[in-house]
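Step one of this worksheet: look at the structure below.
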Amino acid sequence: MIADPSGSLAADAVPARTQVLIIGGGPAGLLLSQLLHRAGVDNVVLERRSRAYVLSRIRAGVLEQGTVDLLRQAGVGARMDRKGLLHGGVEISFRERRLRIDLAGLTGGRSVMVYGQTEVTADLYAARDAMGGTILHEVEDVALHDLESASPFATFTLGGETQRINCDFIAGCDGFHGVSRRSIPEDRLKLFELVYPFGWLGILADVPPVSDELIYASHEKGFALCSMRSPTRSRYYIQCPLDEEPGNWSDDRFWEALAAHLPADVAARLVTGPSIEKSIAPLRSFVAEPMRHGRLFLAGDAAHIVPPTGAKGLNLAASDVHYLSQGLIAHYAAGDDLALERYSDRALARVWKAERFSWWMTSTLHSFPDAGEFGARMQQAEFDYLATSRTAQAAFAENYVGLPY
Ligand code: FAD
Ligand code: DHB
């Protein structure tokens with residue numbers, strides 16, 4: 001039920017009621033909407049931004065095997081299977097030492113798919129449109145009500161008019177800064193947070209990637225990541241101070257700094273060119289427990305944040321949505337609420353393991369201003385162990401391709 005190509009829906013087309021009201025039209029909200037609709041569960045998505053804005057955000061790039069399988073199951077895997085790049089290995093470098101982790105060989109053939117979050121989101125919007133899904137863009141002042149009752153509802157403004165939608169359940173998929181988590185009384189949530197003393201400066205450029213596989217590089221100057229979107233489009237990141245501004249970074253300054261963060265033979269192969277996008281993201285670990293309050297269920301960044309080093313943020317949003325869709329579908333198909341009751345515990349068990357892996361990769365590969373010489377030796381010992389132990393490499397690979405659902 002999309003009125004025009006911008007994705008806007010006329011205010012008079014707002015339904016009075018739906019079964020599941022989804023707050024947030026990012027990957028978590030759209031994937032949940034798609035899985036529920038395919039199972040016959042009626043739902044509406046409320047998104048604060050325009051569709052063009054959502055589709056212009058450059059974010060994650062690596063999909064775990066489980067995310068790939070879930071996208072196929074949701075009927076949105078065709079373009080990903082044509083355009084995505086299957087990676088059976090990943091490289092980690094430490095100063096001038098380089099190590100390839102054979103993901104496929106160490107995990108019985110599992111791998112990751114390099115396919116941008118922007119593309120995943122575009123595929124999900126196309127699928128929602130094709131099925132006549134209801135997505136309301138540019139909604140403002142969303143407020144959630146009666147969450148502990150059997151008939152919660154949301155109010156919001158759309159095109160200047162106040163609206164209300166009644167529902168059975170609300171899915172809070174509105175990211176870290178959304179309204180859903182903040183609608184839960186403070187004394188019902190326990191928050192865990194670690195803020196890192198640096199960020200990542202990222203650049204997107206139409207130049208061939210420096211390597212066929214991703215390179216996570218640790219250097220005295222700081223961390224760098226060489227990633228890609230296609231054989232002709234590269235995505236690179238370098239560690240930067242928290243108070244940096246993208247405007248202070250000319251393309252030349254970025255390429256020079258990137259080369260200085262990489263092993264010499266990799267730097268020598270680097271192809272540079274004009275950037276398409278440049279942005280800075282701070283690094284944070286964050287978990288809110290539990291992921292449910294009455295009839296409100298949190299999923300994705302609304303409930304947890306990982307530092308991007310393990311490529312887990314988008315993948316955790318997908319595994320949450322897997323558990324939550326199963327619970328909601330069982331409720332409507334069989335009147336069975338067991339999976340909904342268990343949702344928070346099941347999701348959090350997987351979330352904490354991804355938090356651990358992301359924290360470990362971040363701690364091992366970045367320069368920490370206050371780590372001292374002991375901290376530096378610990379990082380070196382971590383790399384030495386990984387480089388010399390097949391068991392350590394298998395544990396790395398198992399986590400990187402994604403733990404089972
Ligand atoms: P989001 O993608 O944040 O989507 C939430 C949606 O809710 C948004 O569209 C937002 O506009 C909407 N919304 C917010 N508030 C409201 C409201 N009040 N009402 C209605 N709608 C609302 N992960 C990686 O693995 N690798 C990366 O390189 C990486 N880079 C990132 C860079 C940045 C700048 C950010 C912010 C995240 C990055 N991530 C990365 C994390 C990854 O992108 C997220 O984990 C993923 O987007 C989570 O999806 P989500 O749907 O839960 O949340
Ligand atoms: C990308 C981002 C990550 O955080 C990561 O760990 C791997 C790849 C990317 O944007 O391509």
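If you're wondering about the labels, chains in the structure tokens are A, B, ... by order shown, residues count from 1 in each chain, ligands from 1 in order shown.
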Could you pull out the residues in range 44-174 of chain A that DSSP calls helix (DSSP H, G or I) from the backbone, as a PDB file with C-alpha atoms, in the first residue's frame?
```
ATOM      1  CA  ARG A  51      12.818   5.998   1.947  1.00  0.00           C
ATOM      2  CA  ALA A  52      15.555   7.846   0.041  1.00  0.00           C
ATOM      3  CA  TYR A  53      17.242   8.758   3.332  1.00  0.00           C
ATOM      4  CA  VAL A  54      17.122   5.187   4.659  1.00  0.00           C
ATOM      5  CA  LEU A  55      18.584   3.904   1.379  1.00  0.00           C
ATOM      6  CA  SER A  56      21.419   6.446   1.390  1.00  0.00           C
ATOM      7  CA  GLN A  65      25.654 -17.584   6.589  1.00  0.00           C
ATOM      8  CA  GLY A  66      22.568 -17.517   8.860  1.00  0.00           C
ATOM      9  CA  THR A  67      21.594 -14.035   7.624  1.00  0.00           C
ATOM     10  CA  VAL A  68      22.007 -15.160   4.013  1.00  0.00           C
ATOM     11  CA  ASP A  69      19.794 -18.199   4.669  1.00  0.00           C
ATOM     12  CA  LEU A  70      17.173 -16.044   6.428  1.00  0.00           C
ATOM     13  CA  LEU A  71      17.059 -13.513   3.554  1.00  0.00           C
ATOM     14  CA  ARG A  72      16.543 -16.402   1.101  1.00  0.00           C
ATOM     15  CA  GLN A  73      13.805 -17.799   3.344  1.00  0.00           C
ATOM     16  CA  ALA A  78      17.789 -13.533  -5.577  1.00  0.00           C
ATOM     17  CA  ARG A  79      19.757 -10.303  -6.191  1.00  0.00           C
ATOM     18  CA  MET A  80      22.071 -11.053  -3.252  1.00  0.00           C
ATOM     19  CA  ASP A  81      22.846 -14.474  -4.766  1.00  0.00           C
ATOM     20  CA  ARG A  82      23.632 -12.823  -8.118  1.00  0.00           C
ATOM     21  CA  LYS A  83      25.601  -9.802  -6.930  1.00  0.00           C
ATOM     22  CA  LEU A 103      36.718 -19.778   7.121  1.00  0.00           C
ATOM     23  CA  ALA A 104      35.302 -22.501   4.886  1.00  0.00           C
ATOM     24  CA  GLY A 105      37.983 -25.082   5.706  1.00  0.00           C
ATOM     25  CA  LEU A 106      37.673 -24.529   9.468  1.00  0.00           C
ATOM     26  CA  GLN A 117      23.298  -3.194   3.991  1.00  0.00           C
ATOM     27  CA  THR A 118      22.018  -0.615   1.476  1.00  0.00           C
ATOM     28  CA  GLU A 119      21.374  -3.425  -1.016  1.00  0.00           C
ATOM     29  CA  VAL A 120      19.698  -5.622   1.622  1.00  0.00           C
ATOM     30  CA  THR A 121      17.404  -2.724   2.518  1.00  0.00           C
ATOM     31  CA  ALA A 122      16.605  -1.972  -1.145  1.00  0.00           C
ATOM     32  CA  ASP A 123      15.736  -5.657  -1.734  1.00  0.00           C
ATOM     33  CA  LEU A 124      13.473  -5.672   1.322  1.00  0.00           C
ATOM     34  CA  TYR A 125      11.640  -2.497   0.234  1.00  0.00           C
ATOM     35  CA  ALA A 126      11.118  -3.976  -3.253  1.00  0.00           C
ATOM     36  CA  ALA A 127       9.695  -7.169  -1.732  1.00  0.00           C
ATOM     37  CA  ARG A 128       7.412  -5.269   0.649  1.00  0.00           C
ATOM     38  CA  ASP A 129       6.086  -3.185  -2.263  1.00  0.00           C
ATOM     39  CA  ALA A 130       5.521  -6.291  -4.395  1.00  0.00           C
TER      40      ALA A 130
END
```
Output as CSV one row per residue of chain A within 7 Å of ligand 2: the closest atom pair and its distance in Å to one decimal place, counting only C-alpha atoms and all ligand atoms, sorted by chain and residue number ascending.
```
residue,atom,partner,partner_atom_place_in_ligand_line,distance
A:Arg59,CA,ligand 2,10 (O),5.8
A:Ala60,CA,ligand 2,10 (O),4.4
A:Gly61,CA,ligand 2,11 (O),3.7
A:Val62,CA,ligand 2,8 (C),5.3
A:Gly116,CA,ligand 2,11 (O),7.0
A:Ser227,CA,ligand 2,11 (O),4.7
A:Met228,CA,ligand 2,11 (O),5.5
A:Arg229,CA,ligand 2,11 (O),6.6
A:Arg235,CA,ligand 2,11 (O),5.7
A:Pro308,CA,ligand 2,4 (O),3.9
A:Thr309,CA,ligand 2,6 (O),4.3
A:Gly310,CA,ligand 2,6 (O),4.7
A:Ala311,CA,ligand 2,6 (O),3.5
```
Just-selected residues, all heavy atoms written as a compact mmCIF listing (two decimals), in the first residue's frame:
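The resulting file, result.txt, is shown below:
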```txt
# COMPACT_ATOMS: atom_id res chain seq x y z
N ARG A 59 26.31 1.49 5.56
CA ARG A 59 26.66 0.85 6.84
C ARG A 59 27.35 -0.50 6.61
O ARG A 59 28.33 -0.55 5.91
CB ARG A 59 25.41 0.70 7.70
CG ARG A 59 24.93 2.06 8.22
CD ARG A 59 23.78 1.90 9.13
NE ARG A 59 23.37 3.13 9.80
CZ ARG A 59 22.34 3.18 10.60
NH1 ARG A 59 21.62 2.10 10.86
NH2 ARG A 59 22.01 4.31 11.18
N ALA A 60 26.77 -1.56 7.16
CA ALA A 60 27.47 -2.84 7.19
C ALA A 60 27.66 -3.47 5.81
O ALA A 60 27.01 -3.07 4.84
CB ALA A 60 26.68 -3.80 8.07
N GLY A 61 28.57 -4.45 5.74
CA GLY A 61 28.86 -5.06 4.45
C GLY A 61 29.00 -6.57 4.45
O GLY A 61 29.07 -7.18 3.39
N VAL A 62 29.05 -7.20 5.64
CA VAL A 62 29.32 -8.64 5.69
C VAL A 62 28.12 -9.38 6.28
O VAL A 62 27.71 -9.11 7.41
CB VAL A 62 30.57 -8.93 6.55
CG1 VAL A 62 30.79 -10.42 6.72
CG2 VAL A 62 31.81 -8.30 5.90
N GLY A 116 26.22 -5.19 0.60
CA GLY A 116 26.00 -4.03 1.46
C GLY A 116 24.62 -3.98 2.10
O GLY A 116 23.63 -4.41 1.52
N SER A 227 37.76 -3.39 3.00
CA SER A 227 36.59 -4.16 2.61
C SER A 227 36.16 -3.72 1.22
O SER A 227 36.88 -2.98 0.54
CB SER A 227 35.47 -3.97 3.65
OG SER A 227 34.34 -4.76 3.31
N MET A 228 35.01 -4.17 0.80
CA MET A 228 34.59 -3.90 -0.59
C MET A 228 33.09 -4.02 -0.71
O MET A 228 32.40 -4.53 0.19
CB MET A 228 35.26 -4.92 -1.50
CG MET A 228 34.76 -6.34 -1.25
SD MET A 228 35.80 -7.60 -1.96
CE MET A 228 37.23 -7.58 -0.92
N ARG A 229 32.57 -3.56 -1.82
CA ARG A 229 31.16 -3.77 -2.15
C ARG A 229 31.01 -4.55 -3.46
O ARG A 229 30.00 -5.16 -3.72
CB ARG A 229 30.42 -2.43 -2.28
CG ARG A 229 30.23 -1.71 -0.96
CD ARG A 229 29.26 -2.45 -0.05
NE ARG A 229 29.14 -1.80 1.26
CZ ARG A 229 29.90 -2.10 2.30
NH1 ARG A 229 30.81 -3.03 2.22
NH2 ARG A 229 29.74 -1.45 3.44
N ARG A 235 35.51 -0.33 0.20
CA ARG A 235 35.11 0.31 1.45
C ARG A 235 36.29 0.17 2.40
O ARG A 235 36.74 -0.96 2.67
CB ARG A 235 33.87 -0.40 2.01
CG ARG A 235 33.37 0.14 3.34
CD ARG A 235 32.55 1.39 3.15
NE ARG A 235 31.83 1.78 4.36
CZ ARG A 235 31.60 3.05 4.70
NH1 ARG A 235 32.05 4.04 3.95
NH2 ARG A 235 30.92 3.33 5.78
N PRO A 308 31.94 -2.28 15.34
CA PRO A 308 31.79 -2.94 14.03
C PRO A 308 32.88 -3.95 13.68
O PRO A 308 32.77 -4.65 12.67
CB PRO A 308 31.82 -1.76 13.04
CG PRO A 308 32.51 -0.66 13.76
CD PRO A 308 32.19 -0.84 15.21
N THR A 309 33.91 -4.07 14.50
CA THR A 309 35.08 -4.88 14.13
C THR A 309 34.72 -6.33 13.78
O THR A 309 35.37 -6.92 12.93
CB THR A 309 36.12 -4.86 15.27
OG1 THR A 309 36.09 -3.56 15.88
CG2 THR A 309 37.50 -5.13 14.75
N GLY A 310 33.72 -6.92 14.40
CA GLY A 310 33.38 -8.30 14.08
C GLY A 310 32.33 -8.44 12.99
O GLY A 310 31.94 -9.54 12.65
N ALA A 311 31.85 -7.30 12.45
CA ALA A 311 30.78 -7.29 11.43
C ALA A 311 29.51 -7.97 11.93
O ALA A 311 28.87 -8.75 11.22
CB ALA A 311 31.26 -7.94 10.14
```
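For the choices A:Lys278, A:Lys312, A:His293, A:His145, the atom-to-atom distance to ligand 1 is smallest for A:Lys312 when using only C-alpha atoms and all ligand atoms.
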Which residues are near Ser344 in chain A? Cut-off 12 Å, only C-alpha atoms, ignore same chain within fewer than 2 positions. Put them as a PyMOL selection string. chain A and resi 287-294+296-300+303+319-321+323-324+327+338-342+346-352
Those residues with N, CA, C and O atoms, as a compact mmCIF listing (two decimals), in the first residue's frame please?
```
# COMPACT_ATOMS: atom_id res chain seq x y z
N VAL A 287 24.18 -3.33 25.73
CA VAL A 287 23.09 -4.31 25.76
C VAL A 287 22.03 -3.83 26.75
O VAL A 287 22.38 -3.39 27.86
N ALA A 288 20.76 -3.92 26.36
CA ALA A 288 19.64 -3.66 27.27
C ALA A 288 18.94 -4.99 27.55
O ALA A 288 18.60 -5.72 26.61
N GLU A 289 18.75 -5.28 28.83
CA GLU A 289 18.07 -6.52 29.24
C GLU A 289 16.85 -6.19 30.10
O GLU A 289 16.97 -5.30 30.96
N PRO A 290 15.73 -6.90 29.94
CA PRO A 290 15.43 -7.88 28.90
C PRO A 290 15.02 -7.18 27.61
O PRO A 290 14.86 -5.96 27.58
N MET A 291 14.81 -7.96 26.55
CA MET A 291 14.45 -7.37 25.26
C MET A 291 12.93 -7.37 25.07
O MET A 291 12.44 -7.34 23.95
N ARG A 292 12.21 -7.39 26.20
CA ARG A 292 10.76 -7.38 26.14
C ARG A 292 10.19 -6.62 27.31
O ARG A 292 10.74 -6.68 28.43
N HIS A 293 9.11 -5.89 27.06
CA HIS A 293 8.36 -5.26 28.15
C HIS A 293 6.89 -5.40 27.78
O HIS A 293 6.41 -4.74 26.85
N GLY A 294 6.17 -6.27 28.49
CA GLY A 294 4.76 -6.49 28.17
C GLY A 294 4.61 -6.94 26.72
O GLY A 294 5.18 -7.95 26.32
N LEU A 296 5.66 -5.21 24.11
CA LEU A 296 6.72 -4.60 23.28
C LEU A 296 7.94 -5.51 23.25
O LEU A 296 8.45 -5.91 24.31
N PHE A 297 8.40 -5.83 22.05
CA PHE A 297 9.60 -6.65 21.87
C PHE A 297 10.64 -5.82 21.13
O PHE A 297 10.35 -5.26 20.07
N LEU A 298 11.86 -5.74 21.68
CA LEU A 298 12.94 -5.01 21.01
C LEU A 298 13.73 -5.96 20.11
O LEU A 298 13.94 -7.12 20.47
N ALA A 299 14.20 -5.45 18.97
CA ALA A 299 15.05 -6.25 18.08
C ALA A 299 16.10 -5.35 17.43
O ALA A 299 15.84 -4.19 17.12
N GLY A 300 17.30 -5.89 17.21
CA GLY A 300 18.36 -5.17 16.52
C GLY A 300 18.98 -4.08 17.39
O GLY A 300 19.03 -4.19 18.63
N ALA A 303 18.07 -2.74 20.88
CA ALA A 303 18.38 -3.46 22.13
C ALA A 303 19.86 -3.59 22.39
O ALA A 303 20.27 -3.78 23.54
N SER A 319 19.28 -12.20 13.45
CA SER A 319 18.97 -13.36 14.32
C SER A 319 17.87 -13.01 15.31
O SER A 319 16.99 -13.84 15.60
N ASP A 320 17.84 -11.77 15.82
CA ASP A 320 16.71 -11.35 16.68
C ASP A 320 15.39 -11.52 15.92
O ASP A 320 14.41 -12.04 16.46
N VAL A 321 15.39 -11.05 14.68
CA VAL A 321 14.15 -11.09 13.89
C VAL A 321 13.74 -12.54 13.62
O VAL A 321 12.55 -12.87 13.62
N TYR A 323 14.17 -15.10 15.71
CA TYR A 323 13.51 -15.58 16.93
C TYR A 323 12.14 -14.92 17.12
O TYR A 323 11.17 -15.56 17.50
N LEU A 324 12.09 -13.61 16.87
CA LEU A 324 10.84 -12.89 17.13
C LEU A 324 9.75 -13.29 16.14
O LEU A 324 8.59 -13.48 16.52
N GLY A 327 8.26 -16.53 17.15
CA GLY A 327 7.35 -16.40 18.29
C GLY A 327 6.00 -15.83 17.87
O GLY A 327 4.95 -16.33 18.29
N LEU A 338 4.93 -19.98 23.77
CA LEU A 338 6.19 -20.39 24.39
C LEU A 338 7.39 -19.64 23.77
O LEU A 338 8.25 -19.12 24.49
N ALA A 339 7.44 -19.58 22.44
CA ALA A 339 8.59 -18.94 21.78
C ALA A 339 8.61 -17.44 22.07
O ALA A 339 9.69 -16.85 22.19
N LEU A 340 7.44 -16.82 22.21
CA LEU A 340 7.42 -15.39 22.58
C LEU A 340 7.93 -15.21 24.01
O LEU A 340 8.68 -14.27 24.29
N GLU A 341 7.50 -16.11 24.89
CA GLU A 341 7.96 -16.04 26.29
C GLU A 341 9.48 -16.18 26.36
O GLU A 341 10.14 -15.57 27.19
N ARG A 342 10.04 -17.02 25.49
CA ARG A 342 11.48 -17.29 25.53
C ARG A 342 12.29 -16.31 24.69
O ARG A 342 13.52 -16.40 24.65
N ARG A 346 16.46 -16.24 24.52
CA ARG A 346 17.10 -16.86 23.35
C ARG A 346 17.93 -15.82 22.60
O ARG A 346 19.07 -16.09 22.21
N ALA A 347 17.35 -14.65 22.38
CA ALA A 347 18.07 -13.62 21.62
C ALA A 347 19.31 -13.18 22.40
O ALA A 347 20.41 -13.08 21.84
N LEU A 348 19.14 -12.94 23.70
CA LEU A 348 20.27 -12.42 24.49
C LEU A 348 21.43 -13.42 24.58
O LEU A 348 22.60 -13.03 24.62
N ALA A 349 21.11 -14.72 24.59
CA ALA A 349 22.18 -15.72 24.66
C ALA A 349 23.11 -15.58 23.45
O ALA A 349 24.34 -15.67 23.56
N ARG A 350 22.51 -15.31 22.30
CA ARG A 350 23.33 -15.14 21.07
C ARG A 350 23.97 -13.75 21.05
O ARG A 350 25.12 -13.60 20.63
N VAL A 351 23.23 -12.75 21.50
CA VAL A 351 23.74 -11.37 21.52
C VAL A 351 25.04 -11.29 22.34
O VAL A 351 26.04 -10.72 21.89
N TRP A 352 25.03 -11.90 23.53
CA TRP A 352 26.21 -11.76 24.39
C TRP A 352 27.44 -12.41 23.78
O TRP A 352 28.57 -11.94 23.95
```
Would you list the contacts of Ser33 in chain A as number ranges by chain, taking every protein, DNA or RNA residue within 8 Å and counting only C-alpha atoms, but skipping same-chain residues closer than 6 positions in sequence? A: 22, 43-45, 128, 133
Go through A:Ala143, A:Tyr236, A:Gly273, A:Ala150 and flag the residue nearest Asp252 in chain A, using only C-alpha atoms for the distances. A:Gly273
Residues within 10 Å of Gln163 in chain A, please, as an MDAnalysis selection string. Count only C-alpha atoms; anything in the same chain fewer than 4 positions from it doesn't count. chainID A and resid 11:12 14:16 139 142 154:159
What residues of the protein or nucleic acid chains come within 6 Å of ligand 1 when you use only C-alpha atoms and all ligand atoms? Reply as a ChimeraX atom specification. /A:23-29,46-49,54,59-61,142,173-175,177-179,281,300-302,308,311-314,317
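Residues within 10 Å of Lys353 in chain A, counting only C-alpha atoms and excluding same-chain residues fewer than 5 positions away, are Leu348, Ser358, Trp359, Asn399, Gly402 and Leu403 of chain A.
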